[in-house]
Amino acid sequence: DLKLGKKVNEGKTKEVYELPDMPGCVLMQSKDQITAGNAARKDRMEGKAAISNTTTSCVFQLLQEAGIKTAFVRKQSDTAFIAAHCEMIPIEWVCRRIATGSFLKRNPGVKEGYKFYPPKIEMFYKDDAANDPQWSEEQIIEAKFCFGGLSIGQTEVDIMSRSTQAIFEILEKAWQPQNCTLVDLKIEFGVNILTKEIVLADVIDNDSWRLWPSGDRSQQKDKQSYRDLKEVTPEALQMVKRNFEWVAERVELLLKTKSQGRVVVLMGSTSDLSHCEKIKKACAAFGIPCELRVTSAHKGPDETLRIKAEYEGDGIPTVFVAVAGRSNGLGPVMSGNTAYPVVNCPPLSADWGTQDVWSSLRLPSGLSCPTTLSPEGAAQFAAQIFGLNNHLVWAKLRSNMLNTWISLKQADKKLRECTL
């Protein structure tokens, strides 16, 4: 029951409205319309608005929970969602893992199915009259764009390029448990008018990518099935709609994972509790359950091994973190008696720090427990293990890499501007 303001923009498949009661936000309303070739082909598809809205809302929720900055706020209705008001940057960013479609036409000699490592980034200037020409980074910079008070220069282009690759890789990883190959992806960025920062904006729906179940193009479920129609008949349009519904049903599964995992922190005494709480907090940021236990491998080795057996017996993949200062027997004893990963994270004292750490580093042969002094580092080590089979954890790791890179890029820009 939102009060709608004036229409800000209207595209081929959506309308954008101001929200007077929510300053800085807009309503993105989808249409029951499908187009191809810059609307050279255009048809009404009953129910497409709801399908597109479901797809976009799930994808943006996945990316936002991973840590990607987006304009998405929340799903408002079956056919609309609320987003931060952005001034859109008129560049389509395309990321490709597999060569197909228009890429083959622009690059004769490249065979369909050629794989790009890393994925290939391309940019296209949004101009229907000119059929969205491909642009280079230099053209974007020389255009001297300014949106939402932000000038688009080398730093901003680099941020959008890096973000495009990270977003593609997160979604590619998310589709893999569905045995579905994300072939390529088209996205757009905008400048949030309130925060003045670049965010992923517009929509990501079944018009935005190519999806091949089992990596088989003949099973394609994306809009290409509509583009490939020689004649648009009611029966053909129903086939396309079934493909879109197939995607909308499965896209909700991207927000879930069947993979389980936990971290168990073993501390030598409660004097190390504050150190262990930092590990638990960092694990929570990755969505990993964490339990804290107290045991001493020196004073109670039988109890230490009993606790170990307790977590080995329920079938949940576990990473043990050994927190013991002075002479660390906890990590080595655990490593020598379990097939699960063990990492040392000793709390170093001011008096004996350099001497204490050697008991974690100098291990008997046959043991393999790495040592990290940072509680956050121990949690990240566990996340990297679980991320191999859990796309939600992997997405957070990938997003953290991107955000760290962006913060460094922006700090460098700010420093150079101050120096100049």
# chains A, B, ... in the order shown; residues from 1 in each chain; ligands from 1
>>> select_by_dssp(residues="stretch 60-308 of chain A", states="alpha helix (DSSP H)", output="PyMOL selection string")
chain A and resi 60-66+102-106+137-142+154-175+224-227+234-251+273-285+301-308
>>> write_last_selection(atoms="C-alpha atoms", output="mmCIF file, in the first residue's frame")
data_model
loop_
_atom_site.group_PDB
_atom_site.id
_atom_site.type_symbol
_atom_site.label_atom_id
_atom_site.label_comp_id
_atom_site.auth_asym_id
_atom_site.auth_seq_id
_atom_site.Cartn_x
_atom_site.Cartn_y
_atom_site.Cartn_z
ATOM 1 C CA PHE A 60 19.840 -9.434 -5.185
ATOM 2 C CA GLN A 61 19.159 -10.915 -1.746
ATOM 3 C CA LEU A 62 21.891 -13.513 -2.329
ATOM 4 C CA LEU A 63 24.390 -10.861 -3.427
ATOM 5 C CA GLN A 64 23.463 -8.455 -0.649
ATOM 6 C CA GLU A 65 23.794 -11.103 2.068
ATOM 7 C CA ALA A 66 27.181 -11.999 0.614
ATOM 8 C CA SER A 102 27.086 -11.975 -30.211
ATOM 9 C CA PHE A 103 30.665 -12.555 -29.083
ATOM 10 C CA LEU A 104 31.155 -15.058 -31.910
ATOM 11 C CA LYS A 105 29.850 -12.566 -34.469
ATOM 12 C CA ARG A 106 32.241 -9.872 -33.234
ATOM 13 C CA GLU A 137 37.481 1.550 -20.764
ATOM 14 C CA GLU A 138 39.128 4.544 -22.422
ATOM 15 C CA GLN A 139 35.859 5.583 -24.062
ATOM 16 C CA ILE A 140 34.025 5.437 -20.738
ATOM 17 C CA ILE A 141 36.699 7.560 -19.057
ATOM 18 C CA GLU A 142 36.848 10.057 -21.923
ATOM 19 C CA GLN A 154 39.576 5.302 -13.875
ATOM 20 C CA THR A 155 38.901 4.351 -10.245
ATOM 21 C CA GLU A 156 35.164 4.026 -10.812
ATOM 22 C CA VAL A 157 35.630 2.036 -14.028
ATOM 23 C CA ASP A 158 38.019 -0.320 -12.237
ATOM 24 C CA ILE A 159 35.534 -0.779 -9.389
ATOM 25 C CA MET A 160 32.710 -1.650 -11.799
ATOM 26 C CA SER A 161 34.944 -4.040 -13.731
ATOM 27 C CA ARG A 162 36.136 -5.885 -10.601
ATOM 28 C CA SER A 163 32.593 -5.956 -9.210
ATOM 29 C CA THR A 164 31.227 -7.420 -12.442
ATOM 30 C CA GLN A 165 33.648 -10.333 -12.264
ATOM 31 C CA ALA A 166 32.954 -10.970 -8.570
ATOM 32 C CA ILE A 167 29.174 -10.849 -9.074
ATOM 33 C CA PHE A 168 29.402 -13.268 -11.994
ATOM 34 C CA GLU A 169 31.588 -15.696 -10.035
ATOM 35 C CA ILE A 170 29.259 -15.640 -7.025
ATOM 36 C CA LEU A 171 26.226 -16.409 -9.192
ATOM 37 C CA GLU A 172 28.169 -18.983 -11.210
ATOM 38 C CA LYS A 173 29.074 -20.782 -7.975
ATOM 39 C CA ALA A 174 25.485 -20.519 -6.706
ATOM 40 C CA TRP A 175 24.057 -22.236 -9.809
ATOM 41 C CA GLN A 224 17.700 -16.909 -25.763
ATOM 42 C CA SER A 225 14.895 -19.428 -26.220
ATOM 43 C CA TYR A 226 12.691 -16.433 -27.123
ATOM 44 C CA ARG A 227 15.306 -14.829 -29.380
ATOM 45 C CA PRO A 234 0.967 -18.849 -28.523
ATOM 46 C CA GLU A 235 2.450 -22.332 -28.175
ATOM 47 C CA ALA A 236 6.005 -21.047 -28.595
ATOM 48 C CA LEU A 237 5.413 -18.291 -26.064
ATOM 49 C CA GLN A 238 4.148 -20.865 -23.574
ATOM 50 C CA MET A 239 7.361 -22.823 -24.040
ATOM 51 C CA VAL A 240 9.381 -19.685 -23.287
ATOM 52 C CA LYS A 241 7.232 -19.000 -20.236
ATOM 53 C CA ARG A 242 7.844 -22.525 -18.916
ATOM 54 C CA ASN A 243 11.591 -21.872 -19.194
ATOM 55 C CA PHE A 244 11.229 -18.658 -17.185
ATOM 56 C CA GLU A 245 9.131 -20.449 -14.560
ATOM 57 C CA TRP A 246 11.785 -23.190 -14.337
ATOM 58 C CA VAL A 247 14.366 -20.535 -13.446
ATOM 59 C CA ALA A 248 12.068 -18.725 -10.982
ATOM 60 C CA GLU A 249 11.396 -21.991 -9.130
ATOM 61 C CA ARG A 250 15.073 -22.800 -8.766
ATOM 62 C CA VAL A 251 16.445 -19.351 -8.107
ATOM 63 C CA LEU A 273 37.670 -16.660 26.485
ATOM 64 C CA SER A 274 37.861 -13.156 25.001
ATOM 65 C CA HIS A 275 40.228 -14.430 22.291
ATOM 66 C CA CYS A 276 37.824 -17.285 21.509
ATOM 67 C CA GLU A 277 34.794 -14.981 21.400
ATOM 68 C CA LYS A 278 36.491 -13.086 18.577
ATOM 69 C CA ILE A 279 36.763 -16.325 16.603
ATOM 70 C CA LYS A 280 33.086 -17.076 17.217
ATOM 71 C CA LYS A 281 32.053 -13.584 16.103
ATOM 72 C CA ALA A 282 34.104 -13.854 12.912
ATOM 73 C CA CYS A 283 32.571 -17.283 12.172
ATOM 74 C CA ALA A 284 29.094 -15.786 12.543
ATOM 75 C CA ALA A 285 29.943 -13.215 9.852
ATOM 76 C CA PRO A 301 44.162 -35.754 27.468
ATOM 77 C CA ASP A 302 41.429 -38.386 27.889
ATOM 78 C CA GLU A 303 38.751 -35.658 28.095
ATOM 79 C CA THR A 304 40.225 -33.844 25.100
ATOM 80 C CA LEU A 305 39.973 -37.004 23.001
ATOM 81 C CA ARG A 306 36.447 -37.668 24.297
ATOM 82 C CA ILE A 307 35.328 -34.201 23.172
ATOM 83 C CA LYS A 308 36.979 -34.828 19.810
#
>>> residues_around(residues="A:Asp32", least_positions_apart="4", cutoff="7 Å", atoms="only C-alpha atoms", output="ChimeraX atom specification")
/A:44-49
>>> residues_around(residues="A:Lys396", least_positions_apart="3", cutoff="7 Å", atoms="only C-alpha atoms", output="list in words")
Ala66, Gly67, Phe286, Leu392, Val393, Ser399 and Asn400 of chain A
>>> atom_distance(atom1="atom CA of A:Thr181", atom2="atom CA of A:Tyr114")
13.9 Å
>>> select_by_dssp(residues="stretch 290-328 of chain A", states="strand (DSSP E)", output="ChimeraX atom specification")
/A:290-294,318-323
>>> write_last_selection(atoms="N, CA and C atoms", output="PDB file, in the first residue's frame")
ATOM      1  N   CYS A 290      29.468 -21.897  15.555  1.00  0.00           N
ATOM      2  CA  CYS A 290      30.722 -22.055  16.300  1.00  0.00           C
ATOM      3  C   CYS A 290      30.415 -22.379  17.751  1.00  0.00           C
ATOM      4  N   GLU A 291      31.095 -23.393  18.277  1.00  0.00           N
ATOM      5  CA  GLU A 291      30.943 -23.787  19.682  1.00  0.00           C
ATOM      6  C   GLU A 291      32.269 -23.599  20.405  1.00  0.00           C
ATOM      7  N   LEU A 292      32.186 -23.229  21.671  1.00  0.00           N
ATOM      8  CA  LEU A 292      33.367 -23.033  22.508  1.00  0.00           C
ATOM      9  C   LEU A 292      33.411 -24.121  23.569  1.00  0.00           C
ATOM     10  N   ARG A 293      34.579 -24.761  23.728  1.00  0.00           N
ATOM     11  CA  ARG A 293      34.764 -25.791  24.750  1.00  0.00           C
ATOM     12  C   ARG A 293      36.071 -25.530  25.493  1.00  0.00           C
ATOM     13  N   VAL A 294      36.150 -26.050  26.723  1.00  0.00           N
ATOM     14  CA  VAL A 294      37.358 -25.913  27.537  1.00  0.00           C
ATOM     15  C   VAL A 294      37.935 -27.294  27.790  1.00  0.00           C
ATOM     16  N   THR A 318      33.568 -30.624  10.526  1.00  0.00           N
ATOM     17  CA  THR A 318      34.016 -29.773  11.630  1.00  0.00           C
ATOM     18  C   THR A 318      35.454 -29.333  11.413  1.00  0.00           C
ATOM     19  N   VAL A 319      35.713 -28.087  11.742  1.00  0.00           N
ATOM     20  CA  VAL A 319      37.078 -27.582  11.829  1.00  0.00           C
ATOM     21  C   VAL A 319      37.346 -27.259  13.290  1.00  0.00           C
ATOM     22  N   PHE A 320      38.412 -27.830  13.833  1.00  0.00           N
ATOM     23  CA  PHE A 320      38.793 -27.556  15.219  1.00  0.00           C
ATOM     24  C   PHE A 320      39.799 -26.407  15.253  1.00  0.00           C
ATOM     25  N   VAL A 321      39.599 -25.485  16.191  1.00  0.00           N
ATOM     26  CA  VAL A 321      40.559 -24.408  16.422  1.00  0.00           C
ATOM     27  C   VAL A 321      41.103 -24.569  17.829  1.00  0.00           C
ATOM     28  N   ALA A 322      42.412 -24.742  17.945  1.00  0.00           N
ATOM     29  CA  ALA A 322      43.056 -24.951  19.244  1.00  0.00           C
ATOM     30  C   ALA A 322      43.598 -23.622  19.757  1.00  0.00           C
ATOM     31  N   VAL A 323      43.102 -23.208  20.910  1.00  0.00           N
ATOM     32  CA  VAL A 323      43.531 -21.949  21.526  1.00  0.00           C
ATOM     33  C   VAL A 323      44.252 -22.295  22.828  1.00  0.00           C
TER      34      VAL A 323
END
>>> residues_around(residues="A:Pro133", least_positions_apart="3", cutoff="7 Å", atoms="only C-alpha atoms", output="NGL selection string")
:A and (124-125 or 130)
>>> atom_distance(atom1="atom CA of A:Leu182", atom2="atom CA of A:Trp209")
7.3 Å
>>> residues_around(residues="stretch 9-14 of chain A", least_positions_apart="5", cutoff="8 Å", atoms="only C-alpha atoms", output="PyMOL selection string")
chain A and resi 28-35+39
>>> write_last_selection(atoms="N, CA and C atoms", output="PDB file, in the first residue's frame")
ATOM      1  N   MET A  28      10.391  -0.363  -8.210  1.00  0.00           N
ATOM      2  CA  MET A  28      10.693  -0.968  -9.508  1.00  0.00           C
ATOM      3  C   MET A  28       9.550  -1.929  -9.852  1.00  0.00           C
ATOM      4  N   GLN A  29       8.716  -1.525 -10.809  1.00  0.00           N
ATOM      5  CA  GLN A  29       7.535  -2.291 -11.188  1.00  0.00           C
ATOM      6  C   GLN A  29       7.787  -3.020 -12.506  1.00  0.00           C
ATOM      7  N   SER A  30       7.723  -4.342 -12.472  1.00  0.00           N
ATOM      8  CA  SER A  30       7.954  -5.136 -13.691  1.00  0.00           C
ATOM      9  C   SER A  30       6.702  -5.180 -14.555  1.00  0.00           C
ATOM     10  N   LYS A  31       6.899  -5.449 -15.851  1.00  0.00           N
ATOM     11  CA  LYS A  31       5.800  -5.551 -16.810  1.00  0.00           C
ATOM     12  C   LYS A  31       5.691  -6.985 -17.333  1.00  0.00           C
ATOM     13  N   ASP A  32       4.499  -7.334 -17.796  1.00  0.00           N
ATOM     14  CA  ASP A  32       4.293  -8.618 -18.446  1.00  0.00           C
ATOM     15  C   ASP A  32       4.704  -8.510 -19.918  1.00  0.00           C
ATOM     16  N   GLN A  33       5.954  -8.180 -20.143  1.00  0.00           N
ATOM     17  CA  GLN A  33       6.419  -7.961 -21.510  1.00  0.00           C
ATOM     18  C   GLN A  33       7.792  -8.577 -21.701  1.00  0.00           C
ATOM     19  N   ILE A  34       7.989  -9.174 -22.859  1.00  0.00           N
ATOM     20  CA  ILE A  34       9.295  -9.749 -23.203  1.00  0.00           C
ATOM     21  C   ILE A  34       9.719  -9.169 -24.548  1.00  0.00           C
ATOM     22  N   THR A  35      10.997  -8.794 -24.644  1.00  0.00           N
ATOM     23  CA  THR A  35      11.497  -8.163 -25.864  1.00  0.00           C
ATOM     24  C   THR A  35      12.823  -8.793 -26.272  1.00  0.00           C
ATOM     25  N   ALA A  39      13.860  -4.344 -28.628  1.00  0.00           N
ATOM     26  CA  ALA A  39      12.407  -4.256 -28.808  1.00  0.00           C
ATOM     27  C   ALA A  39      11.979  -4.390 -30.264  1.00  0.00           C
TER      28      ALA A  39
END
>>> closest_residue(among="A:Asn179, A:Ala324, A:Ser296, A:Pro317", to="A:Gly215", atoms="only C-alpha atoms")
A:Asn179
